[in-house]
Amino acid sequence: MCHQSLTVRLVSVLALVSLILAACGGAAPTPDTAALEAAQAAASTAQAQLAEAQSQAEAAMQEAEAAKAEAEQAGSEAAAAAEAQLEEAQAQLEEAQAAMQEAEAVKAEEEAMAAEPSGGPLQELSEGEGEVAIVAWPGYIERGETDPAYDWVTDFEAESGCNVTIKNAATSDEMVALMNEGGFDLVTASGDASLRLVFGDRVQPVNPDLVPSWDTIDPRLQNAPWHTVDKDGDGAPEHYGVPYQWGSNVLMYNTDAFGDQPPTSWDVVFEEQTLPDGESNKGRVQAYDGPIYVADAALYLMAHNPDLGITDPYDLNQEQFQAALDLLRQQRQIVGRYWHDAFIQIDDFVNEGVVASSSWPFQVNLLKAEGAPIDSVVPEEGATGWADTTMMHVDAPHPNCAYMWLEHSINPKLQGDLAAWFGSVPVVPDACENNELLGDEGCVTNGIDNFDQIAFWRTPRAECSSGGTDCVPYHEWVTNYIAVIGGR
């Protein structure tokens with residue numbers, strides 16, 4: 001009877017401790033006030049429950065000791081069983097005590113967070129942590145491994161003591177997914193990702209005062225709406241990153257196919273037609289494999305169907321959005337491939353007969369350097385484009401090294417070298433001068449004069465930039481563009 005009663009008590013203690021431990025591990029600390037109060041209450045409740053568990057475990061151990069003494073009189077087998085019961089009770093008691101300490105530590109941490117101001121950027125820097133982890137577009141952060149002439153990492157590591165680790169991402173959606181997973185400090189986010197990261201609470205405001213070269217950034221980009229947001233509603237917009245590079249989504253074309261009649265409109269990729277080489281464009285054009293491409297269709301319609309009243313390709317009401325989808329469904333009939341990998345697109349132009357597509361200057365420059373019959377243009381309708389921002393994760397594990405990289409990222413040498421490598425335009429205008437790799441005309445070649453023709457990527461939101469609330473949000477762009485690609 002004594003052994004049976006003791007076993008029941010031990011099972012009860014084990015179940016109680018397990019439930020409490022599971023509850024303690026269920027939520028991460030958050031600076032939200034309501035959540036803090038709830039966490040504090042939960043921690044207090046856990047402490048009370050753990051105290052009860054500890055009391056029960058102590059009682060169980062006393063019973064086990066009594067059972068052991070009784071069993072020693074009854075025989076060696078019973079004594080061994082009682083000894084095992086005593087050891088189990090002792091282990092449960094130690095587990096309860098450890099859980100009590102953990103609950104007390106969690107409560108203390110929550111109270112400390114509640115007492116500290118939250119939500120603002122760092123005000124001063126400390127010594128570097130020895131590492132900075134960055135999510136970046138391929139080719140955006142080079143350490144001389146691909147070409148020794150292009151290296152803006154090695155010197156930084158030597159000067160800062162911060163080792164740079166890089167995780168390449170091929171699409172904006174992949175970048176957002178990686179930032180949702182966490183563990184990274186920075187991300188080179190394009191405009192179709194930046195606001196998702198801001199309003200998804202994945203990035204934190206940055207303090208321009210901790211980036212000494214901030215004022216060297218092109219003034220047109222310092223307060224750009226894809227990274228400057230009054231999220232807290234206090235009337236003073238916060239900066240959620242440091243501009244990195246920008247460029248346009250150009251119309252790349254095969255000069256052999258177009259001869260002496262280079263394209264001047266995006267119609268060559270949206271509407272079936274006979275090209276100057278006498279062949280149809282069907283199956284010989286491509287479109288970008290990303291929901292933000294809906295904006296390219298909207299931009300085309302701004303010029304060719306003005307009655308729709310589109311004034312911003314990222315602020316579309318339902319009628320305008322459906323018109324863009326109809327154009328994309330029409331385009332689906334002539335598209336040979338939807339691209340997102342730059343190197344696969346390069347191969348398609350060289351080996352698969354593709355003659356026209358939206359593209360980046362990166363592909364254009366590489367193909368021209370290899371002698372391919374390629375050129376590019378920003379058509380008469382204008383173009384969408386990207387202005388990328390280096391943003392800091394809300395839980396960046398190495399914030400001091402991250403700020404050191406933010407400052408390093410806008411030095412003129414890095415900016416010019418990166419522009420030469422990637423085919424982009426520096427966010428620091430001084431980088432266009434006296435850069436050996438970029439050359440005197442590099443910024444012009446990469447499209448610096450096209451700034452006013454570009455509708456820069458911006459995450460579509462239900463709250464229109466003009467103040468209305470009838471715009472189609474990004475998640476609808478995603479689901480509908482997937483359907484378009486799937487032929488629906």
# chains A, B, ... in the order shown; residues from 1 in each chain; ligands from 1

call {"tool": "closest_atom_pairs", "arguments": {"of": "range 161-259 of chain A", "to": "range 356-361 of chain A", "cutoff": "12 Å", "atoms": "only C-alpha atoms", "output": "JSON lines"}}
result
{"residue": "A:Trp246", "atom": "CA", "partner": "A:Pro361", "partner_atom": "CA", "distance": 10.6}
{"residue": "A:Gly247", "atom": "CA", "partner": "A:Pro361", "partner_atom": "CA", "distance": 7.6}
{"residue": "A:Ser248", "atom": "CA", "partner": "A:Trp360", "partner_atom": "CA", "distance": 6.8}
{"residue": "A:Asn249", "atom": "CA", "partner": "A:Trp360", "partner_atom": "CA", "distance": 5.2}
{"residue": "A:Val250", "atom": "CA", "partner": "A:Ser359", "partner_atom": "CA", "distance": 5.3}
{"residue": "A:Leu251", "atom": "CA", "partner": "A:Ser358", "partner_atom": "CA", "distance": 4.6}
{"residue": "A:Met252", "atom": "CA", "partner": "A:Ser357", "partner_atom": "CA", "distance": 5.5}
{"residue": "A:Tyr253", "atom": "CA", "partner": "A:Ala356", "partner_atom": "CA", "distance": 4.3}
{"residue": "A:Asn254", "atom": "CA", "partner": "A:Ala356", "partner_atom": "CA", "distance": 6.5}
{"residue": "A:Thr255", "atom": "CA", "partner": "A:Ala356", "partner_atom": "CA", "distance": 9.6}
{"residue": "A:Asp256", "atom": "CA", "partner": "A:Ala356", "partner_atom": "CA", "distance": 11.2}
{"residue": "A:Ala257", "atom": "CA", "partner": "A:Ala356", "partner_atom": "CA", "distance": 9.1}
{"residue": "A:Phe258", "atom": "CA", "partner": "A:Ala356", "partner_atom": "CA", "distance": 9.5}

call {"tool": "write_last_selection", "arguments": {"atoms": "C-alpha atoms", "output": "compact mmCIF listing (two decimals), in the first residue's frame"}}
result
# COMPACT_ATOMS: atom_id res chain seq x y z
CA TRP A 246 19.60 51.02 -56.73
CA GLY A 247 18.81 50.21 -60.33
CA SER A 248 16.11 49.80 -62.94
CA ASN A 249 14.43 46.72 -64.32
CA VAL A 250 15.51 47.22 -67.91
CA LEU A 251 14.21 45.68 -71.12
CA MET A 252 17.07 43.43 -72.25
CA TYR A 253 16.98 42.36 -75.88
CA ASN A 254 18.95 40.47 -78.50
CA THR A 255 20.35 42.92 -81.05
CA ASP A 256 20.39 40.28 -83.81
CA ALA A 257 16.63 39.77 -83.42
CA PHE A 258 15.83 43.49 -83.47

call {"tool": "residues_around", "arguments": {"residues": "Trp457 in chain A", "least_positions_apart": "3", "cutoff": "12 Å", "atoms": "only C-alpha atoms", "output": "MDAnalysis selection string"}}
result
chainID A and resid 172 189:195 224:227 246:249 290:296 299 312:315 383:389 454 460 474

call {"tool": "write_last_selection", "arguments": {"atoms": "N, CA and C atoms", "output": "CSV table (one decimal), in the first residue's frame"}}
result
chain,number,residue,atom,x,y,z
A,172,SER,N,13.0,38.1,-52.9
A,172,SER,CA,12.6,38.8,-51.8
A,172,SER,C,11.8,38.0,-50.8
A,189,ALA,N,17.5,44.4,-48.3
A,189,ALA,CA,16.1,44.2,-48.7
A,189,ALA,C,15.7,45.1,-49.8
A,190,SER,N,15.0,44.6,-50.8
A,190,SER,CA,14.4,45.4,-51.9
A,190,SER,C,13.1,46.0,-51.4
A,191,GLY,N,12.5,46.9,-52.1
A,191,GLY,CA,11.3,47.6,-51.7
A,191,GLY,C,10.1,46.7,-51.6
A,192,ASP,N,10.1,45.5,-52.3
A,192,ASP,CA,9.0,44.6,-52.2
A,192,ASP,C,9.0,43.7,-51.0
A,193,ALA,N,10.1,43.9,-50.2
A,193,ALA,CA,10.3,43.2,-49.0
A,193,ALA,C,10.3,44.1,-47.8
A,194,SER,N,10.8,45.3,-47.9
A,194,SER,CA,11.1,46.1,-46.8
A,194,SER,C,9.9,46.5,-45.9
A,195,LEU,N,8.8,46.8,-46.5
A,195,LEU,CA,7.7,47.2,-45.6
A,195,LEU,C,7.1,45.9,-45.0
A,224,ALA,N,13.3,57.8,-48.3
A,224,ALA,CA,12.5,57.0,-49.2
A,224,ALA,C,11.4,56.3,-48.5
A,225,PRO,N,10.2,56.2,-49.0
A,225,PRO,CA,9.0,55.6,-48.3
A,225,PRO,C,9.1,54.1,-48.1
A,226,TRP,N,10.0,53.4,-48.8
A,226,TRP,CA,10.1,52.0,-48.6
A,226,TRP,C,11.0,51.6,-47.4
A,227,HIS,N,11.6,52.6,-46.8
A,227,HIS,CA,12.3,52.3,-45.5
A,227,HIS,C,12.2,53.4,-44.4
A,246,TRP,N,20.9,51.0,-56.0
A,246,TRP,CA,19.6,51.0,-56.7
A,246,TRP,C,19.8,50.8,-58.2
A,247,GLY,N,18.7,50.5,-58.9
A,247,GLY,CA,18.8,50.2,-60.3
A,247,GLY,C,17.4,50.0,-60.9
A,248,SER,N,17.4,49.9,-62.2
A,248,SER,CA,16.1,49.8,-62.9
A,248,SER,C,16.0,48.4,-63.5
A,249,ASN,N,14.7,48.0,-63.7
A,249,ASN,CA,14.4,46.7,-64.3
A,249,ASN,C,14.3,47.0,-65.8
A,290,GLY,N,7.9,36.9,-59.9
A,290,GLY,CA,7.7,37.4,-58.6
A,290,GLY,C,6.4,38.3,-58.6
A,291,PRO,N,5.6,38.2,-57.5
A,291,PRO,CA,4.3,38.9,-57.5
A,291,PRO,C,4.5,40.4,-57.8
A,292,ILE,N,5.6,41.0,-57.4
A,292,ILE,CA,5.8,42.4,-57.6
A,292,ILE,C,5.7,42.8,-59.1
A,293,TYR,N,5.9,41.8,-60.0
A,293,TYR,CA,5.8,42.0,-61.4
A,293,TYR,C,4.4,42.5,-61.9
A,294,VAL,N,3.4,42.4,-61.0
A,294,VAL,CA,2.1,42.9,-61.3
A,294,VAL,C,2.2,44.4,-61.6
A,295,ALA,N,3.2,45.1,-60.8
A,295,ALA,CA,3.4,46.5,-61.0
A,295,ALA,C,3.9,46.8,-62.4
A,296,ASP,N,4.7,46.0,-63.0
A,296,ASP,CA,5.1,46.2,-64.4
A,296,ASP,C,4.0,46.2,-65.4
A,299,LEU,N,2.2,49.5,-64.7
A,299,LEU,CA,2.9,50.6,-65.3
A,299,LEU,C,2.6,50.7,-66.8
A,312,ASP,N,-0.2,55.2,-59.6
A,312,ASP,CA,0.9,54.6,-58.9
A,312,ASP,C,0.7,53.1,-59.1
A,313,PRO,N,1.7,52.4,-59.7
A,313,PRO,CA,1.6,51.0,-60.0
A,313,PRO,C,1.6,50.1,-58.7
A,314,TYR,N,1.8,50.6,-57.6
A,314,TYR,CA,1.7,49.8,-56.3
A,314,TYR,C,0.5,50.1,-55.5
A,315,ASP,N,-0.3,51.1,-55.9
A,315,ASP,CA,-1.6,51.5,-55.3
A,315,ASP,C,-2.7,51.2,-56.3
A,383,ALA,N,10.0,52.3,-66.2
A,383,ALA,CA,10.3,51.0,-65.7
A,383,ALA,C,10.1,50.9,-64.2
A,384,THR,N,9.9,49.7,-63.7
A,384,THR,CA,10.0,49.5,-62.3
A,384,THR,C,11.5,49.4,-61.9
A,385,GLY,N,11.7,49.5,-60.7
A,385,GLY,CA,13.1,49.4,-60.3
A,385,GLY,C,13.3,49.0,-58.8
A,386,TRP,N,14.5,48.9,-58.4
A,386,TRP,CA,14.7,48.5,-57.0
A,386,TRP,C,15.7,49.5,-56.3
A,387,ALA,N,15.4,49.8,-55.1
A,387,ALA,CA,16.4,50.6,-54.3
A,387,ALA,C,16.5,49.8,-53.0
A,388,ASP,N,17.6,49.1,-52.9
A,388,ASP,CA,17.8,48.2,-51.8
A,388,ASP,C,18.3,48.9,-50.5
A,389,THR,N,17.9,48.4,-49.4
A,389,THR,CA,18.2,49.0,-48.1
A,389,THR,C,18.7,47.9,-47.2
A,454,ILE,N,11.8,55.8,-63.0
A,454,ILE,CA,11.7,54.5,-62.3
A,454,ILE,C,10.6,54.6,-61.3
A,460,PRO,N,3.0,46.5,-51.7
A,460,PRO,CA,1.6,47.0,-51.8
A,460,PRO,C,0.9,46.7,-50.5
A,474,TYR,N,-0.6,43.1,-50.6
A,474,TYR,CA,0.4,42.2,-51.3
A,474,TYR,C,0.0,40.8,-51.3

call {"tool": "residues_around", "arguments": {"residues": "Glu181 in chain A", "least_positions_apart": "3", "cutoff": "12 Å", "atoms": "only C-alpha atoms", "output": "PyMOL selection string"}}
result
chain A and resi 135+174-178+184-185+202+393-396

call {"tool": "residues_around", "arguments": {"residues": "Gln333 in chain A", "least_positions_apart": "3", "cutoff": "9 Å", "atoms": "only C-alpha atoms", "output": "ChimeraX atom specification"}}
result
/A:272,282-283,329-330,336,487

call {"tool": "residues_around", "arguments": {"residues": "Ile410 in chain A", "least_positions_apart": "5", "cutoff": "9 Å", "atoms": "only C-alpha atoms", "output": "MDAnalysis selection string"}}
result
chainID A and resid 213:214 216:217 242:244 405 415 426:428

call {"tool": "write_last_selection", "arguments": {"atoms": "N, CA and C atoms", "output": "mmCIF file, in the first residue's frame"}}
result
data_model
loop_
_atom_site.group_PDB
_atom_site.id
_atom_site.type_symbol
_atom_site.label_atom_id
_atom_site.label_comp_id
_atom_site.auth_asym_id
_atom_site.auth_seq_id
_atom_site.Cartn_x
_atom_site.Cartn_y
_atom_site.Cartn_z
ATOM 1 N N SER A 213 28.562 58.522 -42.024
ATOM 2 C CA SER A 213 28.536 58.951 -43.429
ATOM 3 C C SER A 213 27.124 59.087 -43.991
ATOM 4 N N TRP A 214 26.118 59.077 -43.116
ATOM 5 C CA TRP A 214 24.724 59.128 -43.564
ATOM 6 C C TRP A 214 24.470 60.285 -44.528
ATOM 7 N N THR A 216 26.181 61.568 -46.733
ATOM 8 C CA THR A 216 26.730 61.423 -48.088
ATOM 9 C C THR A 216 25.782 60.674 -49.018
ATOM 10 N N ILE A 217 24.704 60.102 -48.453
ATOM 11 C CA ILE A 217 23.730 59.352 -49.252
ATOM 12 C C ILE A 217 22.906 60.327 -50.098
ATOM 13 N N VAL A 242 19.624 51.516 -43.986
ATOM 14 C CA VAL A 242 20.545 52.409 -44.684
ATOM 15 C C VAL A 242 20.540 52.034 -46.166
ATOM 16 N N PRO A 243 20.258 52.977 -47.074
ATOM 17 C CA PRO A 243 20.259 52.666 -48.512
ATOM 18 C C PRO A 243 21.586 52.026 -48.939
ATOM 19 N N TYR A 244 21.505 51.108 -49.920
ATOM 20 C CA TYR A 244 22.698 50.340 -50.321
ATOM 21 C C TYR A 244 23.038 50.523 -51.806
ATOM 22 N N TRP A 405 29.126 47.629 -40.004
ATOM 23 C CA TRP A 405 28.944 47.284 -41.415
ATOM 24 C C TRP A 405 28.089 48.331 -42.123
ATOM 25 N N GLN A 415 30.978 51.378 -52.613
ATOM 26 C CA GLN A 415 29.829 51.704 -53.443
ATOM 27 C C GLN A 415 30.169 51.662 -54.940
ATOM 28 N N PRO A 426 25.326 53.524 -57.359
ATOM 29 C CA PRO A 426 25.640 53.798 -55.959
ATOM 30 C C PRO A 426 24.601 54.718 -55.321
ATOM 31 N N VAL A 427 24.366 54.519 -54.020
ATOM 32 C CA VAL A 427 23.501 55.453 -53.291
ATOM 33 C C VAL A 427 24.312 56.661 -52.821
ATOM 34 N N VAL A 428 25.632 56.589 -52.943
ATOM 35 C CA VAL A 428 26.518 57.698 -52.611
ATOM 36 C C VAL A 428 27.035 58.277 -53.929
#

call {"tool": "residues_around", "arguments": {"residues": "Asp326 in chain A", "least_positions_apart": "6", "cutoff": "10 Å", "atoms": "only C-alpha atoms", "output": "short mmCIF file (atom, residue, chain, number, x, y, z; two decimals) with C-alpha atoms, in the first residue's frame"}}
result
data_model
loop_
_atom_site.label_atom_id
_atom_site.label_comp_id
_atom_site.auth_asym_id
_atom_site.auth_seq_id
_atom_site.Cartn_x
_atom_site.Cartn_y
_atom_site.Cartn_z
CA ALA A 297 1.78 45.37 -65.97
CA GLN A 320 -7.09 48.35 -61.80
CA ARG A 332 1.18 34.09 -70.24
CA VAL A 484 -1.50 33.52 -63.55
#

call {"tool": "atom_distance", "arguments": {"atom1": "CA of Leu210 in chain A", "atom2": "CA of Asn435 in chain A"}}
result
26.3 Å

call {"tool": "select_by_dssp", "arguments": {"residues": "range 114-220 of chain A", "states": "alpha helix (DSSP H)", "output": "PyMOL selection string"}}
result
chain A and resi 114-115+154-160+172-181+191-199+219-220

call {"tool": "closest_residue", "arguments": {"among": "A:Val335, A:Pro429, A:Pro212, A:Asn305", "to": "Ser280 in chain A", "atoms": "only C-alpha atoms"}}
result
A:Val335

call {"tool": "closest_residue", "arguments": {"among": "A:Gly259, A:Gly235, A:Ala402, A:Asp151", "to": "Pro276 in chain A", "atoms": "only C-alpha atoms"}}
result
A:Gly259
